Amino acid sequence: MTRQQRLPFALCSLLSSAFCFLLCAFCLLPTAFGQSATATLSGTVEDQNGAAIPGVTVTAVNKGTQLTREAITKGDGSFTIPLLPPGGYTVRAQGQGFAPAEFANVVLNVGDQKALKIQLKAGDINATVQLVN
């Protein structure tokens, strides 16, 4: 093999190695960025009969930082509050015509996907129902 014949072979080998490296790096990229230092709080809100309650405001307040995040329940009573920093939270659900409900000690760790089932009772909107987690 002459020197001129070896050069294209070496260049082709180098390019194919670089392509394989970039392909592997590209495939692993979502895994590296998929790690998150947050948690997600989700769940459903229903009445005493088990019927979903849409339009309920669900508020999560971080006890250490006072960070407050809200979500409104959908038609099926579900809610999701993503990207919450780890810590202890007070979670409150308030809907028109229902007494508010409160979870005082919801603990979220890194990567948690915690789901709550919240039941609201019809009645005095000035009273708060304390729930134990």
# chains A, B, ... in the order shown; residues from 1 in each chain; ligands from 1
call {"tool": "residues_around", "arguments": {"residues": "range 53-59 of chain A", "least_positions_apart": "2", "cutoff": "7 Å", "atoms": "only C-alpha atoms", "output": "CSV table (one decimal) with C-alpha atoms, in the first residue's frame"}}
result
chain,number,residue,atom,x,y,z
A,45,VAL,CA,-59.0,16.4,45.3
A,46,GLU,CA,-62.5,15.0,45.8
A,47,ASP,CA,-65.6,15.5,48.0
A,51,ALA,CA,-66.5,12.9,43.3
A,61,VAL,CA,-45.5,26.3,51.1
A,68,THR,CA,-45.0,29.1,47.6
A,69,ARG,CA,-46.3,27.2,44.5
A,70,GLU,CA,-49.9,26.8,43.4
A,71,ALA,CA,-51.9,24.5,41.1
A,72,ILE,CA,-55.5,24.5,40.2
A,73,THR,CA,-57.2,21.1,39.9
A,74,LYS,CA,-58.4,20.0,36.5
A,75,GLY,CA,-61.8,18.6,35.5
A,76,ASP,CA,-60.9,15.2,36.9
A,77,GLY,CA,-59.7,16.7,40.2
A,91,VAL,CA,-50.0,21.8,51.6
A,92,ARG,CA,-53.4,23.5,51.6
A,93,ALA,CA,-56.4,22.8,49.3
A,94,GLN,CA,-59.2,25.4,49.1
A,95,GLY,CA,-62.3,25.2,47.0
call {"tool": "residues_around", "arguments": {"residues": "Gln48 in chain A", "least_positions_apart": "3", "cutoff": "7 Å", "atoms": "only C-alpha atoms", "output": "ChimeraX atom specification"}}
result
/A:119-121
call {"tool": "write_last_selection", "arguments": {"atoms": "N, CA, C and O atoms", "output": "PDB file, in the first residue's frame"}}
result
ATOM      1  N   GLN A 119     -59.394  15.061  50.499  1.00  0.00           N
ATOM      2  CA  GLN A 119     -60.852  15.049  50.543  1.00  0.00           C
ATOM      3  C   GLN A 119     -61.329  16.332  51.219  1.00  0.00           C
ATOM      4  O   GLN A 119     -60.920  16.646  52.336  1.00  0.00           O
ATOM      5  N   LEU A 120     -62.160  17.084  50.509  1.00  0.00           N
ATOM      6  CA  LEU A 120     -62.727  18.309  51.063  1.00  0.00           C
ATOM      7  C   LEU A 120     -64.149  18.038  51.528  1.00  0.00           C
ATOM      8  O   LEU A 120     -64.889  17.282  50.903  1.00  0.00           O
ATOM      9  N   LYS A 121     -64.500  18.682  52.627  1.00  0.00           N
ATOM     10  CA  LYS A 121     -65.842  18.539  53.173  1.00  0.00           C
ATOM     11  C   LYS A 121     -66.637  19.798  52.899  1.00  0.00           C
ATOM     12  O   LYS A 121     -66.132  20.907  53.087  1.00  0.00           O
TER      13      LYS A 121
END
call {"tool": "residues_around", "arguments": {"residues": "Pro82 in chain A", "least_positions_apart": "6", "cutoff": "7 Å", "atoms": "only C-alpha atoms", "output": "compact mmCIF listing (two decimals) with N, CA and C atoms, in the first residue's frame"}}
result
# COMPACT_ATOMS: atom_id res chain seq x y z
N ALA A 39 -38.43 17.74 43.33
CA ALA A 39 -39.47 16.72 43.54
C ALA A 39 -40.76 17.21 42.90
N THR A 40 -41.70 16.30 42.75
CA THR A 40 -43.01 16.63 42.19
C THR A 40 -44.09 16.21 43.17
N LEU A 41 -45.03 17.11 43.37
CA LEU A 41 -46.18 16.83 44.22
C LEU A 41 -47.41 16.81 43.33
call {"tool": "atom_distance", "arguments": {"atom1": "CA of Gln66 in chain A", "atom2": "CA of Val106 in chain A"}}
result
13.9 Å
call {"tool": "atom_distance", "arguments": {"atom1": "CA of Val110 in chain A", "atom2": "CA of Gly64 in chain A"}}
result
15.6 Å
call {"tool": "atom_distance", "arguments": {"atom1": "CA of Phe98 in chain A", "atom2": "CA of Gly50 in chain A"}}
result
13.9 Å
call {"tool": "closest_residue", "arguments": {"among": "A:Leu83, A:Thr90, A:Gly97, A:Thr65", "to": "Gly111 in chain A", "atoms": "only C-alpha atoms"}}
result
A:Leu83
